[in-house]
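Pasted below: start_3.txt, compact mmCIF, C-alpha atoms.
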```
# COMPACT_ATOMS: atom_id res chain seq x y z
CA MET A 1 198.21 128.27 138.51
CA ASN A 2 195.62 125.50 138.31
CA GLN A 3 192.58 127.08 140.02
CA ILE A 4 190.18 129.79 138.79
CA THR A 5 189.82 132.58 141.38
CA GLY A 6 186.62 134.56 142.03
CA THR A 7 186.68 138.20 140.89
CA ILE A 8 183.05 139.27 140.25
CA GLY A 9 180.17 140.20 142.56
CA ARG A 10 176.37 140.08 142.55
CA TRP A 11 175.63 143.15 140.43
CA GLN A 12 178.34 142.39 137.88
CA GLY A 13 176.95 138.86 137.70
CA ALA A 14 173.43 140.21 137.14
CA GLY A 15 174.82 142.38 134.33
CA LEU A 16 176.51 139.36 132.75
CA MET A 17 173.28 137.36 133.09
CA ALA A 18 171.08 140.08 131.57
CA THR A 19 173.32 140.91 128.60
CA THR A 20 173.88 137.21 127.92
CA LEU A 21 170.12 136.64 127.68
CA LEU A 22 169.35 139.92 125.90
CA GLY A 23 172.32 139.30 123.65
CA THR A 24 171.74 138.85 119.98
CA GLY A 25 167.96 138.66 120.23
CA VAL A 26 166.93 141.72 122.22
CA PHE A 27 165.90 143.76 119.17
CA ILE A 28 165.47 140.85 116.71
CA LEU A 29 163.56 138.00 118.40
CA PRO A 30 160.37 139.98 119.14
CA GLN A 31 160.13 140.75 115.42
CA MET A 32 160.69 137.07 114.52
CA THR A 33 158.01 135.86 116.95
CA ILE A 34 155.50 138.43 115.67
CA ALA A 35 156.19 137.19 112.12
CA VAL A 36 155.01 133.67 113.06
CA ALA A 37 152.34 134.41 115.69
CA ASP A 38 151.27 138.04 115.20
CA SER A 39 149.64 139.23 118.48
CA GLY A 40 150.04 135.69 119.89
CA ALA A 41 153.74 136.49 120.24
CA LEU A 42 152.95 138.60 123.32
CA LEU A 43 151.21 135.66 125.00
CA GLY A 44 154.12 133.43 124.01
CA TRP A 45 156.64 135.77 125.67
CA LEU A 46 154.50 136.07 128.81
CA ILE A 47 154.22 132.29 129.20
CA LEU A 48 157.92 131.87 128.41
CA THR A 49 158.97 134.47 131.00
CA LEU A 50 156.81 132.98 133.77
CA ALA A 51 157.84 129.41 132.91
CA ILE A 52 161.58 130.14 132.84
CA ILE A 53 161.64 131.54 136.39
CA PRO A 54 161.58 128.07 138.07
CA VAL A 55 164.38 126.97 135.70
CA ALA A 56 166.46 130.03 136.66
CA LEU A 57 165.85 129.37 140.37
CA VAL A 58 166.93 125.73 140.10
CA PHE A 59 170.07 126.64 138.13
CA GLY A 60 170.87 129.33 140.70
CA LEU A 61 170.41 126.92 143.61
CA LEU A 62 172.58 124.26 141.96
CA ALA A 63 175.35 126.71 141.05
CA SER A 64 175.41 128.31 144.51
CA ARG A 65 175.64 124.93 146.24
CA PHE A 66 177.93 123.19 143.74
CA PRO A 67 180.09 125.87 142.06
CA HIS A 68 182.14 124.20 139.33
CA ALA A 69 183.55 125.16 135.92
CA ALA A 70 181.72 122.23 134.29
CA GLY A 71 178.31 123.73 135.22
CA PRO A 72 175.35 121.48 134.24
CA ALA A 73 177.74 118.65 133.29
CA TYR A 74 178.97 118.60 136.91
CA PHE A 75 175.43 118.61 138.33
CA VAL A 76 174.37 115.74 136.06
CA GLU A 77 177.53 113.76 136.84
CA LYS A 78 176.96 114.11 140.59
CA ALA A 79 173.37 112.93 140.18
CA PHE A 80 173.55 110.29 137.44
CA GLY A 81 177.20 109.34 137.01
CA ARG A 82 180.13 110.08 134.71
CA THR A 83 178.65 108.93 131.42
CA ALA A 84 175.57 111.18 131.67
CA GLY A 85 177.51 114.18 133.01
CA ARG A 86 180.25 114.04 130.45
CA THR A 87 177.76 113.53 127.63
CA ILE A 88 175.98 116.74 128.67
CA GLY A 89 179.32 118.56 128.82
CA LEU A 90 180.40 117.47 125.36
CA ILE A 91 177.08 118.28 123.66
CA PHE A 92 177.41 121.78 125.18
CA LEU A 93 180.87 122.09 123.65
CA LEU A 94 179.57 120.81 120.31
CA VAL A 95 176.60 123.18 120.19
CA ILE A 96 178.96 126.19 120.25
CA PRO A 97 179.87 125.66 116.55
CA ILE A 98 176.12 125.85 115.74
CA GLY A 99 175.09 128.55 118.21
CA ALA A 100 178.00 130.93 117.65
CA PRO A 101 177.39 131.44 113.90
CA ALA A 102 173.68 132.00 114.63
CA ALA A 103 174.58 134.62 117.23
CA ILE A 104 177.08 136.32 114.92
CA LEU A 105 174.58 136.32 112.02
CA MET A 106 171.94 137.99 114.21
CA THR A 107 174.47 140.55 115.40
CA PHE A 108 175.39 141.47 111.84
CA GLN A 109 171.78 142.32 111.01
CA PHE A 110 172.45 145.41 113.15
CA MET A 111 175.79 145.93 111.45
CA ASP A 112 174.00 146.06 108.08
CA ALA A 113 171.75 148.82 109.42
CA LEU A 114 174.83 150.90 110.25
CA VAL A 115 177.36 149.95 107.59
CA PRO A 116 176.16 147.56 104.88
CA LEU A 117 178.81 144.91 104.28
CA HIS A 118 178.90 142.79 101.15
CA ASN A 119 180.73 139.72 99.94
CA GLY A 120 183.97 139.00 101.77
CA TRP A 121 183.90 142.15 103.91
CA GLN A 122 181.20 140.68 106.14
CA LEU A 123 183.35 137.59 106.71
CA VAL A 124 186.36 139.80 107.56
CA ALA A 125 184.24 141.75 110.06
CA GLU A 126 182.91 138.54 111.66
CA LEU A 127 186.44 137.19 112.11
CA PHE A 128 187.48 140.54 113.60
CA VAL A 129 184.70 140.03 116.16
CA VAL A 130 186.29 136.73 117.19
CA LEU A 131 189.59 138.57 117.67
CA MET A 132 187.83 141.14 119.88
CA LEU A 133 186.37 138.31 122.00
CA LEU A 134 189.88 136.99 122.53
CA GLY A 135 190.98 140.41 123.79
CA LEU A 136 187.98 140.65 126.14
CA ASN A 137 188.47 137.20 127.65
CA ILE A 138 192.24 136.95 127.93
CA ARG A 139 192.40 139.21 131.03
CA GLY A 140 189.54 137.51 132.86
CA ILE A 141 185.76 137.64 132.99
CA GLN A 142 185.71 140.62 135.43
CA VAL A 143 186.57 142.97 132.53
CA SER A 144 183.54 141.78 130.57
CA ALA A 145 181.34 141.84 133.68
CA LYS A 146 181.94 145.56 134.25
CA LEU A 147 181.34 146.46 130.60
CA GLN A 148 178.23 144.30 130.33
CA PHE A 149 176.65 145.75 133.46
CA GLY A 150 176.85 149.19 131.84
CA LEU A 151 175.42 147.78 128.60
CA THR A 152 172.44 146.31 130.49
CA LEU A 153 171.62 149.72 131.97
CA ALA A 154 171.82 151.32 128.51
CA ILE A 155 169.40 148.77 126.97
CA VAL A 156 166.94 149.15 129.84
CA ALA A 157 167.07 152.95 129.48
CA VAL A 158 166.35 152.84 125.72
CA VAL A 159 163.41 150.43 126.11
CA ALA A 160 162.00 152.55 128.95
CA ILE A 161 162.27 155.73 126.81
CA LEU A 162 160.49 154.04 123.89
CA PHE A 163 157.75 152.67 126.13
CA GLY A 164 157.24 156.10 127.68
CA ALA A 165 157.19 157.78 124.24
CA SER A 166 154.56 155.37 122.91
CA GLY A 167 151.90 157.17 125.02
CA LEU A 168 149.69 154.10 125.07
CA ASN A 169 146.07 155.00 125.65
CA SER A 170 142.79 153.11 126.14
CA GLU A 171 141.83 153.41 122.45
CA GLN A 172 145.07 151.74 121.33
CA LEU A 173 144.65 148.96 123.90
CA GLU A 174 141.01 148.38 122.89
CA SER A 175 142.01 148.20 119.22
CA PHE A 176 144.77 145.76 120.11
CA ASN A 177 142.37 143.53 122.09
CA GLN A 178 139.87 143.41 119.20
CA THR A 179 142.52 142.26 116.69
CA SER A 180 144.18 139.80 119.09
CA HIS A 181 143.14 136.19 118.41
CA PRO A 182 146.17 134.02 119.18
CA GLN A 183 146.30 130.41 117.98
CA VAL A 184 147.81 127.70 120.19
CA SER A 185 150.02 126.35 117.39
CA THR A 186 151.52 129.75 116.51
CA VAL A 187 152.02 130.68 120.18
CA MET A 188 153.94 127.43 120.66
CA LEU A 189 156.02 128.22 117.56
CA ALA A 190 156.79 131.69 118.93
CA MET A 191 157.83 130.16 122.26
CA GLY A 192 160.15 127.74 120.43
CA ILE A 193 161.88 130.70 118.76
CA GLY A 194 161.82 132.83 121.91
CA PHE A 195 163.53 130.11 123.97
CA TRP A 196 166.76 131.28 122.28
CA SER A 197 166.50 134.46 124.38
CA PHE A 198 166.86 132.49 127.63
CA LEU A 199 169.86 130.47 126.55
CA GLY A 200 172.68 131.61 128.79
CA ILE A 201 171.34 130.66 132.21
CA GLU A 202 173.31 127.42 132.01
CA ALA A 203 176.37 129.28 130.69
CA MET A 204 176.41 131.39 133.86
CA THR A 205 176.74 128.25 135.99
CA HIS A 206 180.10 127.56 134.30
CA LEU A 207 181.25 130.91 135.71
CA ALA A 208 180.25 130.13 139.32
CA SER A 209 183.92 129.82 140.32
CA ASP A 210 184.50 133.35 138.99
CA PHE A 211 182.17 134.76 141.66
CA ARG A 212 183.77 135.93 144.89
CA ARG A 213 180.83 134.50 146.88
CA PRO A 214 178.93 132.03 144.67
CA ASP A 215 176.92 130.75 147.65
CA LYS A 216 175.46 134.24 148.28
CA ASP A 217 175.56 135.99 144.89
CA MET A 218 174.92 133.33 142.24
CA LEU A 219 171.17 132.86 142.81
CA PRO A 220 170.27 136.59 143.04
CA ALA A 221 172.39 137.38 139.96
CA ILE A 222 170.70 134.71 137.83
CA LEU A 223 167.19 135.55 139.05
CA MET A 224 167.52 139.35 138.67
CA GLY A 225 168.96 138.99 135.18
CA THR A 226 166.28 136.54 134.04
CA VAL A 227 163.28 138.54 135.28
CA LEU A 228 164.67 141.80 133.86
CA VAL A 229 165.18 140.18 130.46
CA GLY A 230 161.65 138.75 130.38
CA ILE A 231 160.20 142.22 131.05
CA ILE A 232 162.34 143.80 128.31
CA TYR A 233 161.29 141.20 125.70
CA LEU A 234 157.63 141.67 126.64
CA ALA A 235 158.00 145.45 126.34
CA CYS A 236 159.74 145.25 122.94
CA THR A 237 157.11 142.84 121.57
CA PHE A 238 154.28 145.05 122.83
CA LEU A 239 155.84 148.13 121.24
CA LEU A 240 156.25 146.43 117.86
CA LEU A 241 152.61 145.31 117.92
CA MET A 242 151.36 148.81 118.78
CA VAL A 243 153.29 150.90 116.25
CA PRO A 244 153.86 150.59 112.48
CA SER A 245 157.28 149.18 111.73
CA ASP A 246 159.51 148.02 108.89
CA LYS A 247 158.86 144.33 108.27
CA ASN A 248 161.88 143.90 106.02
CA GLY A 249 164.62 145.54 108.07
CA VAL A 250 165.15 145.66 111.83
CA ALA A 251 161.67 146.60 113.11
CA MET A 252 162.96 148.15 116.35
CA ILE A 253 164.92 150.76 114.36
CA SER A 254 161.84 151.99 112.50
CA ALA A 255 159.82 151.84 115.77
CA PHE A 256 162.50 153.97 117.46
CA ASP A 257 162.35 156.65 114.76
CA TYR A 258 158.52 156.57 114.69
CA LEU A 259 158.08 156.91 118.46
CA LEU A 260 160.75 159.59 118.83
CA SER A 261 159.84 161.52 115.67
CA ASP A 262 159.32 164.75 117.65
CA SER A 263 162.53 164.52 119.66
CA PHE A 264 166.17 165.30 118.94
CA LEU A 265 166.79 161.53 118.74
CA HIS A 266 164.69 161.14 115.58
CA GLY A 267 166.72 159.63 112.77
CA TYR A 268 169.27 158.09 115.11
CA GLY A 269 167.46 154.75 115.45
CA ALA A 270 169.92 152.88 113.25
CA GLN A 271 172.88 154.21 115.22
CA ILE A 272 171.49 153.69 118.75
CA ILE A 273 169.65 150.40 118.23
CA GLY A 274 172.44 149.21 115.94
CA VAL A 275 175.25 149.89 118.41
CA LEU A 276 173.31 148.36 121.33
CA GLY A 277 172.36 145.34 119.22
CA ILE A 278 175.95 144.74 118.14
CA ALA A 279 177.30 145.21 121.67
CA SER A 280 174.73 142.89 123.28
CA GLY A 281 175.30 140.29 120.57
CA LEU A 282 179.02 140.34 121.25
CA ALA A 283 178.26 140.09 124.99
CA THR A 284 176.35 136.84 124.47
CA VAL A 285 179.05 135.21 122.36
CA ASN A 286 181.62 136.50 124.84
CA VAL A 287 180.02 134.72 127.80
CA TYR A 288 179.60 131.52 125.80
CA ALA A 289 183.25 131.63 124.74
CA GLY A 290 184.32 132.10 128.36
CA SER A 291 182.03 129.39 129.74
CA ALA A 292 182.92 126.87 127.02
CA ALA A 293 186.64 127.51 127.63
CA ARG A 294 186.15 126.81 131.34
CA LEU A 295 184.27 123.59 130.59
CA LEU A 296 187.03 122.48 128.21
CA TRP A 297 189.61 123.32 130.92
CA SER A 298 187.62 121.32 133.49
CA PHE A 299 187.37 118.28 131.21
CA SER A 300 191.08 118.54 130.45
CA LYS A 301 191.86 118.66 134.16
CA GLU A 302 189.77 115.52 134.76
CA GLY A 303 191.46 113.60 131.93
CA ILE A 304 188.38 113.42 129.68
CA LEU A 305 190.12 115.58 127.06
CA PRO A 306 193.88 116.11 126.44
CA LYS A 307 195.90 117.71 129.28
CA TYR A 308 197.07 120.39 126.83
CA PHE A 309 194.11 122.61 127.79
CA VAL A 310 194.73 122.55 131.55
CA VAL A 311 197.12 125.58 131.62
CA LEU A 312 195.90 128.93 133.04
CA ASN A 313 197.51 132.31 132.39
CA ARG A 314 198.44 134.81 135.12
CA HIS A 315 194.85 136.17 135.11
CA GLY A 316 193.47 132.70 135.88
CA VAL A 317 192.09 132.29 132.33
CA PRO A 318 192.34 128.89 130.56
CA PHE A 319 193.88 130.57 127.52
CA ARG A 320 194.67 127.42 125.52
CA ALA A 321 191.06 126.28 125.87
CA LEU A 322 189.93 129.80 124.95
CA PHE A 323 192.08 129.77 121.78
CA ALA A 324 190.60 126.37 120.84
CA ILE A 325 186.99 127.54 121.33
CA LEU A 326 187.44 130.82 119.46
CA GLY A 327 189.47 129.10 116.73
CA THR A 328 186.63 126.63 116.19
CA MET A 329 184.15 129.52 116.08
CA ALA A 330 186.24 131.23 113.41
CA LEU A 331 186.40 128.04 111.32
CA VAL A 332 182.64 127.47 111.52
CA ILE A 333 181.94 131.13 110.70
CA VAL A 334 183.95 130.68 107.50
CA LEU A 335 182.09 127.46 106.62
CA THR A 336 178.70 129.03 107.45
CA PHE A 337 179.48 132.07 105.28
CA TYR A 338 180.18 129.93 102.21
CA SER A 339 177.35 127.43 102.79
CA ASN A 340 174.65 130.12 103.40
CA GLN A 341 173.04 128.34 106.35
CA ASP A 342 169.52 129.46 107.33
CA LEU A 343 169.47 131.52 110.57
CA GLU A 344 166.16 130.13 111.90
CA LYS A 345 167.40 126.56 111.37
CA LEU A 346 170.64 127.21 113.27
CA ILE A 347 168.62 128.71 116.15
CA ALA A 348 166.22 125.76 116.27
CA TRP A 349 169.03 123.18 116.24
CA SER A 350 170.83 125.01 119.05
CA ASN A 351 167.63 125.25 121.07
CA GLY A 352 167.14 121.48 120.78
CA VAL A 353 170.54 120.79 122.35
CA PHE A 354 169.85 123.20 125.20
CA VAL A 355 166.45 121.62 125.89
CA ILE A 356 168.28 118.36 126.68
CA ILE A 357 170.94 120.15 128.79
CA TYR A 358 168.26 122.02 130.74
CA LEU A 359 166.09 118.94 131.24
CA LEU A 360 168.94 116.75 132.55
CA ALA A 361 170.13 119.58 134.85
CA MET A 362 166.61 119.94 136.24
CA LEU A 363 166.34 116.18 136.80
CA SER A 364 169.69 116.20 138.61
CA ALA A 365 168.20 118.72 141.05
CA VAL A 366 165.80 116.00 142.26
CA LYS A 367 168.79 114.21 143.79
CA LEU A 368 171.00 117.17 144.67
CA LEU A 369 168.55 119.64 146.23
CA SER A 370 166.22 119.43 149.21
CA LYS A 371 162.77 117.91 148.60
CA ARG A 372 161.16 121.28 149.40
CA TYR A 373 162.35 122.44 145.97
CA LEU A 374 160.54 119.57 144.20
CA PRO A 375 157.61 121.74 142.92
CA LEU A 376 160.16 124.07 141.27
CA VAL A 377 161.95 121.12 139.70
CA VAL A 378 158.70 119.57 138.38
CA ALA A 379 157.61 122.90 136.86
CA SER A 380 161.05 123.28 135.24
CA CYS A 381 160.92 119.78 133.74
CA LEU A 382 157.43 120.37 132.33
CA PHE A 383 158.71 123.59 130.74
CA CYS A 384 161.62 121.78 129.07
CA VAL A 385 159.35 119.03 127.74
CA GLY A 386 156.94 121.67 126.39
CA ILE A 387 159.73 123.49 124.52
CA GLY A 388 160.94 120.16 123.14
CA ILE A 389 157.45 119.48 121.77
CA ALA A 390 157.33 122.99 120.27
CA LEU A 391 160.66 122.40 118.48
CA ALA A 392 159.38 119.10 117.03
CA ASP A 393 161.75 117.63 114.39
CA ASN A 394 164.39 120.28 115.17
CA MET A 395 165.20 118.13 118.21
CA LEU A 396 166.77 115.55 115.88
CA TYR A 397 170.19 117.25 115.87
CA ALA A 398 170.30 117.10 119.67
CA VAL A 399 169.14 113.48 119.78
CA LEU A 400 171.79 112.55 117.20
CA LEU A 401 174.54 114.20 119.27
CA VAL A 402 173.49 112.28 122.39
CA ALA A 403 173.23 109.01 120.44
CA VAL A 404 176.82 109.42 119.20
CA ILE A 405 178.48 110.84 122.32
CA ALA A 406 176.87 108.77 125.12
CA PRO A 407 178.19 105.38 123.87
CA PHE A 408 181.67 106.90 123.42
CA MET A 409 181.64 108.29 126.99
CA TRP A 410 180.50 104.88 128.32
CA TRP A 411 183.31 103.16 126.39
CA GLN A 412 185.88 105.65 127.70
CA LYS A 413 184.75 105.09 131.29
CA THR A 414 184.88 101.28 131.05
CA HIS A 415 188.21 101.40 129.18
CA LEU A 416 189.82 103.54 131.89
CA GLN A 417 188.38 101.34 134.63
CA SER A 418 189.73 98.14 133.06
CA LYS A 419 193.10 99.82 132.44
CA SER A 420 193.38 100.90 136.10
CA MET A 421 192.52 97.36 137.25
CA GLN A 422 195.29 95.90 135.07
CA THR A 423 197.90 98.35 136.43
CA PRO A 424 199.61 96.82 139.50
CA ALA A 425 199.30 98.88 142.66
CA HIS A 426 202.55 100.29 144.08
CA LEU A 427 203.12 99.07 147.61
CA PRO A 428 204.75 101.44 150.10
CA GLU A 429 208.38 100.74 150.77
```
Could you express the structure from this file as structure tokens?
Amino acid sequence: MNQITGTIGRWQGAGLMATTLLGTGVFILPQMTIAVADSGALLGWLILTLAIIPVALVFGLLASRFPHAAGPAYFVEKAFGRTAGRTIGLIFLLVIPIGAPAAILMTFQFMDALVPLHNGWQLVAELFVVLMLLGLNIRGIQVSAKLQFGLTLAIVAVVAILFGASGLNSEQLESFNQTSHPQVSTVMLAMGIGFWSFLGIEAMTHLASDFRRPDKDMLPAILMGTVLVGIIYLACTFLLLMVPSDKNGVAMISAFDYLLSDSFLHGYGAQIIGVLGIASGLATVNVYAGSAARLLWSFSKEGILPKYFVVLNRHGVPFRALFAILGTMALVIVLTFYSNQDLEKLIAWSNGVFVIIYLLAMLSAVKLLSKRYLPLVVASCLFCVGIGIALADNMLYAVLLVAVIAPFMWWQKTHLQSKSMQTPAHLPE
């Protein structure tokens, strides 16, 4: 086998999209944005949700018209040539070692709420997670898609129950309005952190070939998942601002127990929020592992990386590429554990890389899509530039990656071209 076959449909794709975006941050990021912007966090999430919709639409249009395992790297290559496309692909592969530990660290904040792990036991548990991801991916993405669709419904149900239990009234809203004085600088900072929640749109484009009908299902799946996620983050942020919560632990757990204090669910916040938080965190890393493996397989097939990774198993999964990606994750998790890297710094560095990936993908749409989509593309580019400004010096990691990889990709292209010119052509007998 040397081709990936489509096995998932629109609703499974929407489930993958939603759980990928909800992922590690669904019950953590609202708390982090409130910590830096207080009530301004709500405005930050609202702007972020509205601004990401054009980006999601453009990604959906590109993926439905040009389904390819290389995702944004393929779009950029078609628009701007091999060097640019392959640079984008490699910086995506190289951000996984930064993003995966951040995702795992966020996931284990929920694990601590359930079963506190200390010293080496946390490392053992994190490596066991990597092993679980291998089991989920080895039989194909359709297994994950079905599980993650169910997980999306569970998260939506819990947030809806909490929102209904809050019993928001006019007095609470008036009190909230009187204390709400957001600052531009803190709102921008909250948006820079919140951008992490929408990382995953580009990862879905790597899975376009896994859809049975990417031309019909890719765009609706991406759009439904993105809008649903924006609403959930807004709801969670609003809830945390309206009710007293634990500022040291996971705030959503204390909010859950506070809001449902008169119900049979009182006291089960750690278990319910913890299990959903762990599961959605694993879902995010799972999709990134699958999409990165497909990109590595695509690059191997094109001769950019060694041919070793080109083999697919009987389920159509690039298992050697998957082993390489998950093996690298395991190695970096070990290094991160012993170096005590700061979670917010890992998130910001990852976000910087994705700002560049998103921006170049949006610019490629100028050439690849009809001119009637130009307003969407312009809005998407302005959004990416705005997030880049919000991240400020945290963009340096991304700029450094591009500065190192782009010249190497240019050298590889010219070297292969000169080598092919020197090889004598074989004339037909």
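Interatomic distance, CA of Leu46 in chain A against CA of Val366 in chain A: 26.7 Å.
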Using all atoms listed in the file and a cutoff of 6 Å, can you tell me which residues are near (173.9, 125.6, 131.7) in the file's coordinates, and write them out as a PyMOL selection string?
chain A and resi 71-72+201-203+205
Close residues, range 290-301 of chain A itself excluded, 9 Å, only C-alpha atoms, min 5 positions apart in chain, as a ChimeraX atom specification:
/A:2,4,68-71,73,86,89-90,92-93,96,137,140-141,203-207,285,306-312,317-326
Find the residues near Leu391 in chain A: any atom within 12 Å, counting only C-alpha atoms, skip ones fewer than 6 places away on the same chain, and give them as a tab-separated table (two decimals) with C-alpha atoms, in the coordinates of the input.
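That gives us part22.tsv:
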```
chain	number	residue	atom	x	y	z
A	185	SER	CA	150.02	126.35	117.39
A	186	THR	CA	151.52	129.75	116.51
A	188	MET	CA	153.94	127.43	120.66
A	189	LEU	CA	156.02	128.22	117.56
A	190	ALA	CA	156.79	131.69	118.93
A	191	MET	CA	157.83	130.16	122.26
A	192	GLY	CA	160.15	127.74	120.43
A	193	ILE	CA	161.88	130.70	118.76
A	194	GLY	CA	161.82	132.83	121.91
A	195	PHE	CA	163.53	130.11	123.97
A	196	TRP	CA	166.76	131.28	122.28
A	344	GLU	CA	166.16	130.13	111.90
A	345	LYS	CA	167.40	126.56	111.37
A	347	ILE	CA	168.62	128.71	116.15
A	348	ALA	CA	166.22	125.76	116.27
A	349	TRP	CA	169.03	123.18	116.24
A	350	SER	CA	170.83	125.01	119.05
A	351	ASN	CA	167.63	125.25	121.07
A	352	GLY	CA	167.14	121.48	120.78
A	353	VAL	CA	170.54	120.79	122.35
A	354	PHE	CA	169.85	123.20	125.20
A	355	VAL	CA	166.45	121.62	125.89
A	356	ILE	CA	168.28	118.36	126.68
A	384	CYS	CA	161.62	121.78	129.07
A	385	VAL	CA	159.35	119.03	127.74
A	397	TYR	CA	170.19	117.25	115.87
A	398	ALA	CA	170.30	117.10	119.67
```
From the options A:Asn394, A:Leu127, A:Leu162, A:Ile389, which residue's atoms come nearest to Leu346 in chain A, counting only C-alpha atoms?
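Among the listed residues, A:Asn394 lies closest to Leu346 in chain A.
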Which residues are near Gly13 in chain A? Cut-off 9 Å, only C-alpha atoms, ignore same chain within fewer than 6 positions. Put them as a list in words.
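The neighbour list is Ala145, Phe149, Met204, Phe211, Asp217, Met218, Pro220, Ala221, Ile222 and Gly225 of chain A.
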Considering only C-alpha atoms, state which residue in the set A:Trp45, A:Trp411, A:Phe59, A:Phe383 is at the smallest distance from Ala208 in chain A.
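Ranking A:Trp45, A:Trp411, A:Phe59, A:Phe383 by distance to Ala208 in chain A, first place goes to A:Phe59.
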All heavy atoms restored at range 376-381 of chain A, emitted as a tab-separated table (two decimals), in the frame of the given file:
```tsv
chain	number	residue	atom	x	y	z
A	376	LEU	N	159.39	123.29	142.25
A	376	LEU	CA	160.16	124.07	141.27
A	376	LEU	C	160.75	123.18	140.20
A	376	LEU	O	160.72	123.50	139.00
A	376	LEU	CB	161.30	124.83	141.98
A	376	LEU	CG	161.00	126.16	142.65
A	376	LEU	CD1	162.27	126.68	143.31
A	376	LEU	CD2	160.45	127.16	141.67
A	377	VAL	N	161.30	122.04	140.63
A	377	VAL	CA	161.95	121.12	139.70
A	377	VAL	C	160.93	120.53	138.73
A	377	VAL	O	161.18	120.45	137.52
A	377	VAL	CB	162.69	120.00	140.46
A	377	VAL	CG1	163.26	118.97	139.50
A	377	VAL	CG2	163.80	120.59	141.33
A	378	VAL	N	159.76	120.14	139.24
A	378	VAL	CA	158.70	119.57	138.38
A	378	VAL	C	158.25	120.60	137.34
A	378	VAL	O	158.11	120.28	136.15
A	378	VAL	CB	157.51	119.08	139.23
A	378	VAL	CG1	156.33	118.70	138.34
A	378	VAL	CG2	157.93	117.89	140.09
A	379	ALA	N	158.03	121.84	137.79
A	379	ALA	CA	157.61	122.90	136.86
A	379	ALA	C	158.68	123.12	135.79
A	379	ALA	O	158.35	123.33	134.61
A	379	ALA	CB	157.36	124.20	137.64
A	380	SER	N	159.94	123.08	136.19
A	380	SER	CA	161.05	123.28	135.24
A	380	SER	C	161.10	122.16	134.21
A	380	SER	O	161.31	122.40	133.01
A	380	SER	CB	162.38	123.35	135.99
A	380	SER	OG	162.37	124.39	136.94
A	381	CYS	N	160.90	120.92	134.66
A	381	CYS	CA	160.92	119.78	133.74
A	381	CYS	C	159.77	119.85	132.74
A	381	CYS	O	159.95	119.56	131.55
A	381	CYS	CB	160.85	118.46	134.53
A	381	CYS	SG	162.34	118.09	135.49
```
